[in-house]
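Enquirer: For reference, this is protein-v5.tsv, and it has TSV, N, CA and C atoms.
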```
chain	number	residue	atom	x	y	z
A	22	PHE	N	-11.35	-13.75	3.23
A	22	PHE	CA	-10.57	-13.31	4.37
A	22	PHE	C	-11.08	-14.01	5.61
A	23	VAL	N	-10.17	-14.55	6.39
A	23	VAL	CA	-10.50	-15.11	7.69
A	23	VAL	C	-9.91	-14.16	8.71
A	24	LEU	N	-10.79	-13.56	9.50
A	24	LEU	CA	-10.39	-12.52	10.43
A	24	LEU	C	-10.52	-13.01	11.86
A	25	ASP	N	-9.42	-12.97	12.59
A	25	ASP	CA	-9.41	-13.36	14.00
A	25	ASP	C	-10.17	-12.30	14.79
A	26	THR	N	-11.28	-12.70	15.38
A	26	THR	CA	-12.07	-11.75	16.17
A	26	THR	C	-12.05	-12.14	17.65
A	27	SER	N	-10.96	-12.78	18.06
A	27	SER	CA	-10.82	-13.12	19.47
A	27	SER	C	-10.56	-11.85	20.27
A	28	ALA	N	-10.83	-11.91	21.56
A	28	ALA	CA	-10.67	-10.74	22.42
A	28	ALA	C	-9.23	-10.23	22.43
A	29	SER	N	-8.27	-11.09	22.16
A	29	SER	CA	-6.87	-10.65	22.16
A	29	SER	C	-6.57	-9.65	21.03
A	30	MET	N	-7.45	-9.58	20.05
A	30	MET	CA	-7.26	-8.62	18.95
A	30	MET	C	-7.60	-7.20	19.39
A	31	ASN	N	-8.03	-7.01	20.64
A	31	ASN	CA	-8.27	-5.67	21.17
A	31	ASN	C	-7.01	-5.03	21.74
A	32	GLN	N	-5.89	-5.75	21.70
A	32	GLN	CA	-4.62	-5.19	22.15
A	32	GLN	C	-4.28	-3.96	21.30
A	33	ARG	N	-3.64	-3.01	21.92
A	33	ARG	CA	-3.25	-1.80	21.19
A	33	ARG	C	-1.80	-1.90	20.72
A	34	THR	N	-1.55	-1.36	19.54
A	34	THR	CA	-0.19	-1.29	19.00
A	34	THR	C	0.49	-0.06	19.56
A	35	SER	N	1.76	0.10	19.25
A	35	SER	CA	2.49	1.28	19.73
A	35	SER	C	1.91	2.56	19.13
A	36	GLY	N	1.22	2.44	17.99
A	36	GLY	CA	0.60	3.60	17.35
A	36	GLY	C	-0.77	3.93	17.92
A	37	GLY	N	-1.26	3.10	18.84
A	37	GLY	CA	-2.54	3.38	19.48
A	37	GLY	C	-3.73	2.67	18.86
A	38	LEU	N	-3.55	2.03	17.70
A	38	LEU	CA	-4.65	1.29	17.06
A	38	LEU	C	-4.76	-0.09	17.67
A	39	THR	N	-5.96	-0.64	17.68
A	39	THR	CA	-6.12	-2.03	18.11
A	39	THR	C	-5.72	-2.94	16.96
A	40	LEU	N	-5.39	-4.18	17.29
A	40	LEU	CA	-5.00	-5.13	16.26
A	40	LEU	C	-6.15	-5.41	15.30
A	41	ILE	N	-7.38	-5.41	15.80
A	41	ILE	CA	-8.53	-5.65	14.92
A	41	ILE	C	-8.68	-4.49	13.93
A	42	ASP	N	-8.42	-3.26	14.37
A	42	ASP	CA	-8.47	-2.11	13.46
A	42	ASP	C	-7.37	-2.20	12.41
A	43	CYS	N	-6.19	-2.66	12.81
A	43	CYS	CA	-5.10	-2.85	11.86
A	43	CYS	C	-5.46	-3.90	10.81
A	44	ALA	N	-6.09	-4.99	11.27
A	44	ALA	CA	-6.49	-6.06	10.34
A	44	ALA	C	-7.55	-5.55	9.36
A	45	LYS	N	-8.53	-4.81	9.87
A	45	LYS	CA	-9.58	-4.27	8.99
A	45	LYS	C	-8.98	-3.28	8.00
A	46	SER	N	-8.03	-2.49	8.45
A	46	SER	CA	-7.35	-1.53	7.57
A	46	SER	C	-6.56	-2.26	6.49
A	47	ALA	N	-5.93	-3.37	6.84
A	47	ALA	CA	-5.18	-4.15	5.86
A	47	ALA	C	-6.11	-4.71	4.78
A	48	VAL	N	-7.29	-5.17	5.17
A	48	VAL	CA	-8.25	-5.69	4.20
A	48	VAL	C	-8.72	-4.57	3.28
A	49	GLU	N	-9.05	-3.41	3.86
A	49	GLU	CA	-9.48	-2.27	3.04
A	49	GLU	C	-8.38	-1.85	2.06
A	50	HIS	N	-7.14	-1.85	2.52
A	50	HIS	CA	-6.01	-1.49	1.65
A	50	HIS	C	-5.88	-2.52	0.52
A	51	PHE	N	-6.02	-3.79	0.84
A	51	PHE	CA	-5.96	-4.82	-0.18
A	51	PHE	C	-7.02	-4.58	-1.25
A	52	LEU	N	-8.25	-4.28	-0.82
A	52	LEU	CA	-9.33	-4.03	-1.78
A	52	LEU	C	-9.02	-2.85	-2.68
A	53	LYS	N	-8.47	-1.77	-2.11
A	53	LYS	CA	-8.14	-0.58	-2.90
A	53	LYS	C	-7.05	-0.87	-3.92
A	54	VAL	N	-6.02	-1.59	-3.51
A	54	VAL	CA	-4.93	-1.92	-4.43
A	54	VAL	C	-5.42	-2.88	-5.50
A	55	ARG	N	-6.21	-3.85	-5.10
A	55	ARG	CA	-6.73	-4.83	-6.06
A	55	ARG	C	-7.67	-4.17	-7.06
A	56	ALA	N	-8.39	-3.13	-6.66
A	56	ALA	CA	-9.34	-2.44	-7.53
A	56	ALA	C	-8.66	-1.76	-8.71
A	57	ARG	N	-7.36	-1.54	-8.62
A	57	ARG	CA	-6.62	-0.91	-9.73
A	57	ARG	C	-6.55	-1.82	-10.95
A	58	ASP	N	-6.70	-3.11	-10.73
A	58	ASP	CA	-6.65	-4.08	-11.81
A	58	ASP	C	-8.07	-4.28	-12.36
A	59	ALA	N	-8.22	-4.20	-13.66
A	59	ALA	CA	-9.54	-4.32	-14.28
A	59	ALA	C	-10.18	-5.68	-14.01
A	60	SER	N	-9.36	-6.71	-13.85
A	60	SER	CA	-9.92	-8.05	-13.62
A	60	SER	C	-10.53	-8.20	-12.22
A	61	SER	N	-10.34	-7.22	-11.35
A	61	SER	CA	-10.88	-7.31	-10.00
A	61	SER	C	-12.41	-7.30	-9.98
A	62	LYS	N	-13.03	-6.85	-11.06
A	62	LYS	CA	-14.49	-6.85	-11.13
A	62	LYS	C	-15.05	-8.27	-11.18
A	63	MET	N	-14.19	-9.24	-11.43
A	63	MET	CA	-14.61	-10.65	-11.45
A	63	MET	C	-14.40	-11.32	-10.09
A	64	ASP	N	-13.79	-10.61	-9.15
A	64	ASP	CA	-13.48	-11.18	-7.83
A	64	ASP	C	-14.73	-11.37	-6.99
A	65	THR	N	-14.63	-12.31	-6.08
A	65	THR	CA	-15.64	-12.54	-5.06
A	65	THR	C	-14.92	-12.59	-3.73
A	66	TYR	N	-15.44	-11.88	-2.73
A	66	TYR	CA	-14.81	-11.85	-1.42
A	66	TYR	C	-15.75	-12.40	-0.36
A	67	ALA	N	-15.17	-13.14	0.57
A	67	ALA	CA	-15.91	-13.64	1.71
A	67	ALA	C	-15.19	-13.18	2.97
A	68	LEU	N	-15.95	-12.85	3.98
A	68	LEU	CA	-15.40	-12.45	5.27
A	68	LEU	C	-15.90	-13.44	6.31
A	69	VAL	N	-14.96	-14.22	6.87
A	69	VAL	CA	-15.28	-15.23	7.87
A	69	VAL	C	-14.58	-14.83	9.16
A	70	THR	N	-15.31	-14.90	10.27
A	70	THR	CA	-14.76	-14.53	11.57
A	70	THR	C	-14.74	-15.74	12.51
A	71	CYS	N	-14.24	-15.53	13.71
A	71	CYS	CA	-14.15	-16.61	14.71
A	71	CYS	C	-15.42	-16.75	15.53
A	72	SER	N	-16.47	-16.06	15.19
A	72	SER	CA	-17.70	-16.17	15.97
A	72	SER	C	-18.35	-17.52	15.72
A	73	ASP	N	-19.45	-17.80	16.42
A	73	ASP	CA	-20.08	-19.11	16.28
A	73	ASP	C	-20.55	-19.34	14.85
A	74	ALA	N	-20.86	-20.58	14.56
A	74	ALA	CA	-21.16	-20.99	13.19
A	74	ALA	C	-22.26	-20.18	12.52
A	75	ALA	N	-23.26	-19.77	13.27
A	75	ALA	CA	-24.40	-19.06	12.68
A	75	ALA	C	-24.02	-17.67	12.17
A	76	THR	N	-23.04	-17.03	12.77
A	76	THR	CA	-22.69	-15.66	12.38
A	76	THR	C	-21.26	-15.53	11.88
A	77	ALA	N	-20.58	-16.65	11.65
A	77	ALA	CA	-19.18	-16.59	11.23
A	77	ALA	C	-19.01	-15.99	9.84
A	78	LEU	N	-19.89	-16.33	8.91
A	78	LEU	CA	-19.81	-15.76	7.57
A	78	LEU	C	-20.47	-14.40	7.61
A	79	ARG	N	-19.67	-13.35	7.60
A	79	ARG	CA	-20.19	-11.99	7.71
A	79	ARG	C	-20.60	-11.41	6.37
A	80	ALA	N	-19.89	-11.79	5.31
A	80	ALA	CA	-20.21	-11.24	3.99
A	80	ALA	C	-19.70	-12.18	2.92
A	81	TYR	N	-20.44	-12.20	1.82
A	81	TYR	CA	-20.03	-12.92	0.62
A	81	TYR	C	-20.47	-12.03	-0.52
A	82	SER	N	-19.51	-11.38	-1.17
A	82	SER	CA	-19.88	-10.29	-2.06
A	82	SER	C	-19.06	-10.27	-3.34
A	83	LYS	N	-19.72	-9.89	-4.41
A	83	LYS	CA	-19.05	-9.63	-5.69
A	83	LYS	C	-19.01	-8.13	-5.91
A	84	PHE	N	-18.38	-7.69	-7.00
A	84	PHE	CA	-18.26	-6.27	-7.30
A	84	PHE	C	-19.63	-5.60	-7.23
A	85	PRO	N	-19.79	-4.47	-6.62
A	85	PRO	CA	-18.84	-3.47	-6.12
A	85	PRO	C	-18.46	-3.63	-4.64
A	86	PHE	N	-18.75	-4.75	-4.01
A	86	PHE	CA	-18.28	-5.09	-2.67
A	86	PHE	C	-18.82	-4.20	-1.56
A	87	THR	N	-19.93	-3.54	-1.76
A	87	THR	CA	-20.49	-2.67	-0.72
A	87	THR	C	-20.92	-3.45	0.52
A	88	ASN	N	-21.53	-4.61	0.32
A	88	ASN	CA	-21.92	-5.43	1.48
A	88	ASN	C	-20.69	-5.90	2.25
A	89	PHE	N	-19.64	-6.23	1.52
A	89	PHE	CA	-18.42	-6.70	2.15
A	89	PHE	C	-17.80	-5.61	3.02
A	90	THR	N	-17.64	-4.42	2.46
A	90	THR	CA	-17.01	-3.33	3.23
A	90	THR	C	-17.89	-2.90	4.40
A	91	ARG	N	-19.20	-2.94	4.23
A	91	ARG	CA	-20.11	-2.60	5.33
A	91	ARG	C	-19.96	-3.62	6.46
A	92	ALA	N	-19.91	-4.89	6.11
A	92	ALA	CA	-19.75	-5.94	7.12
A	92	ALA	C	-18.39	-5.85	7.80
A	93	LEU	N	-17.37	-5.52	7.04
A	93	LEU	CA	-16.02	-5.39	7.60
A	93	LEU	C	-15.96	-4.31	8.67
A	94	LYS	N	-16.64	-3.20	8.43
A	94	LYS	CA	-16.62	-2.08	9.38
A	94	LYS	C	-17.32	-2.43	10.69
A	95	THR	N	-18.24	-3.39	10.67
A	95	THR	CA	-18.99	-3.72	11.88
A	95	THR	C	-18.35	-4.83	12.71
A	96	VAL	N	-17.26	-5.41	12.24
A	96	VAL	CA	-16.60	-6.51	12.96
A	96	VAL	C	-15.97	-5.98	14.24
A	97	VAL	N	-16.22	-6.68	15.35
A	97	VAL	CA	-15.59	-6.35	16.63
A	97	VAL	C	-14.91	-7.61	17.18
A	98	ALA	N	-13.89	-7.39	17.99
A	98	ALA	CA	-13.13	-8.50	18.58
A	98	ALA	C	-13.70	-8.82	19.94
A	99	LYS	N	-14.48	-9.90	20.02
A	99	LYS	CA	-15.09	-10.28	21.29
A	99	LYS	C	-15.30	-11.78	21.41
A	100	ASP	N	-14.83	-12.54	20.43
A	100	ASP	CA	-15.10	-13.97	20.39
A	100	ASP	C	-13.95	-14.76	21.01
A	101	LEU	N	-14.14	-16.08	21.06
A	101	LEU	CA	-13.07	-16.97	21.45
A	101	LEU	C	-12.14	-17.16	20.26
A	102	SER	N	-10.95	-17.61	20.52
A	102	SER	CA	-9.98	-17.81	19.45
A	102	SER	C	-10.19	-19.18	18.82
A	103	LEU	N	-11.11	-19.27	17.90
A	103	LEU	CA	-11.42	-20.52	17.22
A	103	LEU	C	-10.99	-20.44	15.75
A	104	LEU	N	-9.70	-20.20	15.55
A	104	LEU	CA	-9.20	-20.02	14.19
A	104	LEU	C	-9.36	-21.27	13.34
A	105	GLY	N	-9.14	-22.44	13.93
A	105	GLY	CA	-9.28	-23.67	13.16
A	105	GLY	C	-10.68	-23.83	12.60
A	106	ALA	N	-11.68	-23.55	13.42
A	106	ALA	CA	-13.07	-23.64	12.97
A	106	ALA	C	-13.37	-22.59	11.90
A	107	ALA	N	-12.80	-21.40	12.05
A	107	ALA	CA	-13.02	-20.34	11.06
A	107	ALA	C	-12.38	-20.71	9.71
A	108	VAL	N	-11.18	-21.26	9.74
A	108	VAL	CA	-10.53	-21.69	8.50
A	108	VAL	C	-11.33	-22.83	7.86
A	109	LYS	N	-11.81	-23.76	8.68
A	109	LYS	CA	-12.64	-24.86	8.15
A	109	LYS	C	-13.90	-24.31	7.49
A	110	ARG	N	-14.53	-23.32	8.11
A	110	ARG	CA	-15.73	-22.71	7.50
A	110	ARG	C	-15.40	-22.09	6.15
A	111	SER	N	-14.25	-21.43	6.06
A	111	SER	CA	-13.87	-20.81	4.79
A	111	SER	C	-13.61	-21.88	3.73
A	112	LEU	N	-13.00	-22.99	4.12
A	112	LEU	CA	-12.78	-24.09	3.17
A	112	LEU	C	-14.10	-24.74	2.76
A	113	ASP	N	-15.03	-24.88	3.70
A	113	ASP	CA	-16.36	-25.41	3.36
A	113	ASP	C	-17.08	-24.49	2.38
A	114	LEU	N	-16.98	-23.19	2.62
A	114	LEU	CA	-17.60	-22.21	1.72
A	114	LEU	C	-16.98	-22.29	0.33
A	115	LEU	N	-15.67	-22.41	0.28
A	115	LEU	CA	-14.97	-22.54	-0.99
A	115	LEU	C	-15.40	-23.80	-1.72
A	116	ASN	N	-15.52	-24.90	-0.99
A	116	ASN	CA	-15.95	-26.16	-1.58
A	116	ASN	C	-17.36	-26.03	-2.16
A	117	LEU	N	-18.24	-25.41	-1.41
A	117	LEU	CA	-19.61	-25.19	-1.88
A	117	LEU	C	-19.63	-24.32	-3.13
A	118	GLN	N	-18.84	-23.26	-3.13
A	118	GLN	CA	-18.78	-22.36	-4.29
A	118	GLN	C	-18.27	-23.10	-5.53
A	119	ARG	N	-17.30	-23.96	-5.36
A	119	ARG	CA	-16.77	-24.73	-6.50
A	119	ARG	C	-17.81	-25.71	-7.03
A	120	LEU	N	-18.63	-26.26	-6.14
A	120	LEU	CA	-19.71	-27.13	-6.60
A	120	LEU	C	-20.74	-26.34	-7.40
A	121	VAL	N	-21.09	-25.15	-6.92
A	121	VAL	CA	-22.07	-24.30	-7.61
A	121	VAL	C	-21.55	-23.88	-8.98
A	122	ASN	N	-20.27	-23.54	-9.06
A	122	ASN	CA	-19.68	-23.09	-10.32
A	122	ASN	C	-19.36	-24.22	-11.29
A	123	GLY	N	-19.47	-25.46	-10.83
A	123	GLY	CA	-19.17	-26.60	-11.68
A	123	GLY	C	-17.69	-26.90	-11.78
A	124	ALA	N	-16.86	-26.28	-10.95
A	124	ALA	CA	-15.43	-26.55	-10.99
A	124	ALA	C	-15.10	-27.89	-10.34
A	125	ASP	N	-15.90	-28.31	-9.40
A	125	ASP	CA	-15.67	-29.57	-8.71
A	125	ASP	C	-17.00	-30.32	-8.67
A	126	THR	N	-16.99	-31.54	-9.12
A	126	THR	CA	-18.23	-32.31	-9.17
A	126	THR	C	-18.02	-33.66	-8.50
A	127	TYR	N	-19.04	-34.13	-7.82
A	127	TYR	CA	-18.96	-35.45	-7.20
A	127	TYR	C	-18.91	-36.51	-8.28
A	128	ALA	N	-18.04	-37.47	-8.10
A	128	ALA	CA	-17.86	-38.63	-8.98
A	128	ALA	C	-17.25	-38.29	-10.33
A	129	HIS	N	-17.04	-37.00	-10.63
A	129	HIS	CA	-16.41	-36.63	-11.89
A	129	HIS	C	-15.10	-35.89	-11.68
A	130	GLY	N	-14.78	-35.54	-10.45
A	130	GLY	CA	-13.51	-34.89	-10.16
A	130	GLY	C	-13.52	-33.40	-10.45
A	131	TYR	N	-12.31	-32.86	-10.52
A	131	TYR	CA	-12.12	-31.43	-10.71
A	131	TYR	C	-12.06	-31.10	-12.19
A	132	SER	N	-12.83	-30.10	-12.63
A	132	SER	CA	-12.86	-29.69	-14.02
A	132	SER	C	-11.81	-28.60	-14.25
A	133	THR	N	-10.78	-28.93	-14.98
A	133	THR	CA	-9.72	-27.94	-15.24
A	133	THR	C	-10.21	-26.80	-16.13
A	134	ALA	N	-11.30	-27.02	-16.85
A	134	ALA	CA	-11.86	-25.97	-17.69
A	134	ALA	C	-12.54	-24.89	-16.85
A	135	SER	N	-12.92	-25.22	-15.63
A	135	SER	CA	-13.60	-24.27	-14.74
A	135	SER	C	-12.63	-23.78	-13.66
A	136	LEU	N	-11.50	-23.33	-14.08
A	136	LEU	CA	-10.48	-22.88	-13.14
A	136	LEU	C	-11.03	-21.79	-12.22
A	137	ASP	N	-10.82	-21.97	-10.94
A	137	ASP	CA	-11.32	-21.03	-9.94
A	137	ASP	C	-10.19	-20.74	-8.94
A	138	PRO	N	-9.23	-19.88	-9.32
A	138	PRO	CA	-8.12	-19.61	-8.40
A	138	PRO	C	-8.61	-18.93	-7.12
A	139	THR	N	-8.04	-19.35	-6.01
A	139	THR	CA	-8.51	-18.89	-4.71
A	139	THR	C	-7.34	-18.60	-3.79
A	140	VAL	N	-7.52	-17.58	-2.97
A	140	VAL	CA	-6.54	-17.24	-1.94
A	140	VAL	C	-7.30	-17.06	-0.63
A	141	ILE	N	-6.81	-17.68	0.42
A	141	ILE	CA	-7.38	-17.47	1.75
A	141	ILE	C	-6.36	-16.68	2.55
A	142	ILE	N	-6.77	-15.52	3.01
A	142	ILE	CA	-5.88	-14.64	3.78
A	142	ILE	C	-6.35	-14.66	5.23
A	143	LEU	N	-5.47	-15.11	6.12
A	143	LEU	CA	-5.77	-15.20	7.55
A	143	LEU	C	-5.10	-14.04	8.26
A	144	LEU	N	-5.90	-13.22	8.92
A	144	LEU	CA	-5.39	-12.08	9.68
A	144	LEU	C	-5.59	-12.35	11.16
A	145	THR	N	-4.48	-12.51	11.89
A	145	THR	CA	-4.54	-12.89	13.28
A	145	THR	C	-3.36	-12.28	14.04
A	146	ASP	N	-3.48	-12.26	15.36
A	146	ASP	CA	-2.36	-11.81	16.19
A	146	ASP	C	-1.44	-12.98	16.51
A	147	GLY	N	-1.84	-14.18	16.14
A	147	GLY	CA	-1.00	-15.35	16.31
A	147	GLY	C	-0.86	-15.84	17.73
A	148	THR	N	-1.80	-15.50	18.61
A	148	THR	CA	-1.67	-15.92	20.00
A	148	THR	C	-2.14	-17.34	20.24
A	149	GLU	N	-2.83	-17.94	19.28
A	149	GLU	CA	-3.30	-19.32	19.45
A	149	GLU	C	-2.14	-20.28	19.25
A	150	GLU	N	-2.05	-21.28	20.10
A	150	GLU	CA	-0.99	-22.29	20.02
A	150	GLU	C	-1.31	-23.27	18.88
A	151	GLY	N	-0.72	-23.08	17.74
A	151	GLY	CA	-0.92	-24.02	16.64
A	151	GLY	C	-2.32	-23.97	16.09
A	152	LEU	N	-2.45	-24.02	14.81
A	152	LEU	CA	-3.76	-23.99	14.15
A	152	LEU	C	-4.25	-25.41	13.98
A	153	GLN	N	-5.28	-25.77	14.72
A	153	GLN	CA	-5.86	-27.11	14.65
A	153	GLN	C	-7.17	-27.03	13.89
A	154	LEU	N	-7.23	-27.73	12.77
A	154	LEU	CA	-8.47	-27.77	12.00
A	154	LEU	C	-9.35	-28.87	12.55
A	155	PRO	N	-10.66	-28.57	12.71
A	155	PRO	CA	-11.58	-29.63	13.14
A	155	PRO	C	-11.61	-30.73	12.09
A	156	ILE	N	-12.02	-31.91	12.50
A	156	ILE	CA	-12.10	-33.05	11.58
A	156	ILE	C	-13.10	-32.74	10.48
A	157	MET	N	-12.67	-32.92	9.24
A	157	MET	CA	-13.54	-32.68	8.09
A	157	MET	C	-14.58	-33.80	7.99
A	158	GLN	N	-15.84	-33.42	7.82
A	158	GLN	CA	-16.89	-34.43	7.67
A	158	GLN	C	-17.67	-34.15	6.43
```
Would you encode the structure as structure tokens?
Expert:
Amino acid sequence: FVLDTSASMNQRTSGGLTLIDCAKSAVEHFLKVRARDASSKMDTYALVTCSDAATALRAYSKFPFTNFTRALKTVVAKDLSLLGAAVKRSLDLLNLQRLVNGADTYAHGYSTASLDPTVIILLTDGTEEGLQLPIMQ
């Protein structure tokens, strides 16, 4: 999950909740619904925010996801809107994970036997003008 933690996420909805609380609630709901499937015990979740590089990765957790939910509850909206950098960090993390799992290897390409399906869910208020990814290095 890439969570927009820019200050604009402190806006209140008509129901009185802030956008950051709505986003956190959506993630919690996703986890509850996903937990109904027995294969969810094989899932790994990462929580990436818009904060600076040192603290952007808030959690990286496998079942039972206690560290993930604990980190999710502590997220506050106070950062700059650096969604491109946050998405790049999540892609870098994914790339690293695929190297560790042997799904992607340098000079040998992608191993179809080590299938690692991935979904990146971006939760944002959409106030940033276009998503610009930093140059990949």
Enquirer: Measure the distance from atom N of Val23 of chain A to atom CA of Met63 of chain A in Å and round it to one decimal.
Expert: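 A separation of 18.8 Å between them.
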Enquirer: From the options A:Leu52, A:Ala47, A:Cys71, A:Ile142, which residue's atoms come nearest to Leu103 of chain A, counting only C-alpha atoms?
Expert: A:Cys71
Enquirer: What's around segment 96-99 of chain A at 6 Å? Count only N, CA and C atoms, leave out sequence neighbours fewer than 6 positions away in its own chain, and write the answer as JSON, numbers by chain.
Expert: {"A": [26, 27, 28, 30, 31]}
Enquirer: Could you tell me how far atom C of Arg110 of chain A sits from atom C of Asp137 of chain A, in Å to one decimal place?
Expert: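 The value is 16.0 Å.
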Enquirer: Specify the axis-aligned box that encloses all atoms of segment 136-148 of chain A listed in the file after padding of 3 Å on each side, stating its centre and edge lengths in Å to one decimal as JSON.
Expert:
```
{"center_x": -6.2, "center_y": -17.6, "center_z": 3.1, "size_x": 16.6, "size_y": 17.5, "size_z": 40.3}
```
Enquirer: Using only C-alpha atoms, which of the listed residues (A:Phe22, A:Lys53, A:Ala107, A:Gly130) sits closest to Ser82 of chain A?
Expert: A:Phe22
Enquirer: Can you check which residues of segment 96-146 of chain A DSSP gives as strand (DSSP E or B) on the backbone and send them as a PyMOL selection string?
Expert: chain A and resi 100+125-126+130-131+143-144
Enquirer: At what distance in Å, to one decimal, does atom C of Ser60 of chain A lie from atom CA of Pro138 of chain A?
Expert: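 Computing it gives 12.3 Å between the two atoms.
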Enquirer: I'd like to know which of A:Ala44, A:Thr126, A:Leu115, A:Val54 is closest to Leu144 of chain A, using only N, CA and C atoms.
Expert: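 Ranking A:Ala44, A:Thr126, A:Leu115, A:Val54 by distance to Leu144 of chain A, first place goes to A:Ala44.
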Enquirer: Which protein, DNA or RNA residues are at most 8 Å from (-17.3, -12.2, -0.6) in the file's coordinates when you count only C-alpha atoms, listed as number ranges by chain?
Expert: A: 65-68, 80-83, 86, 89
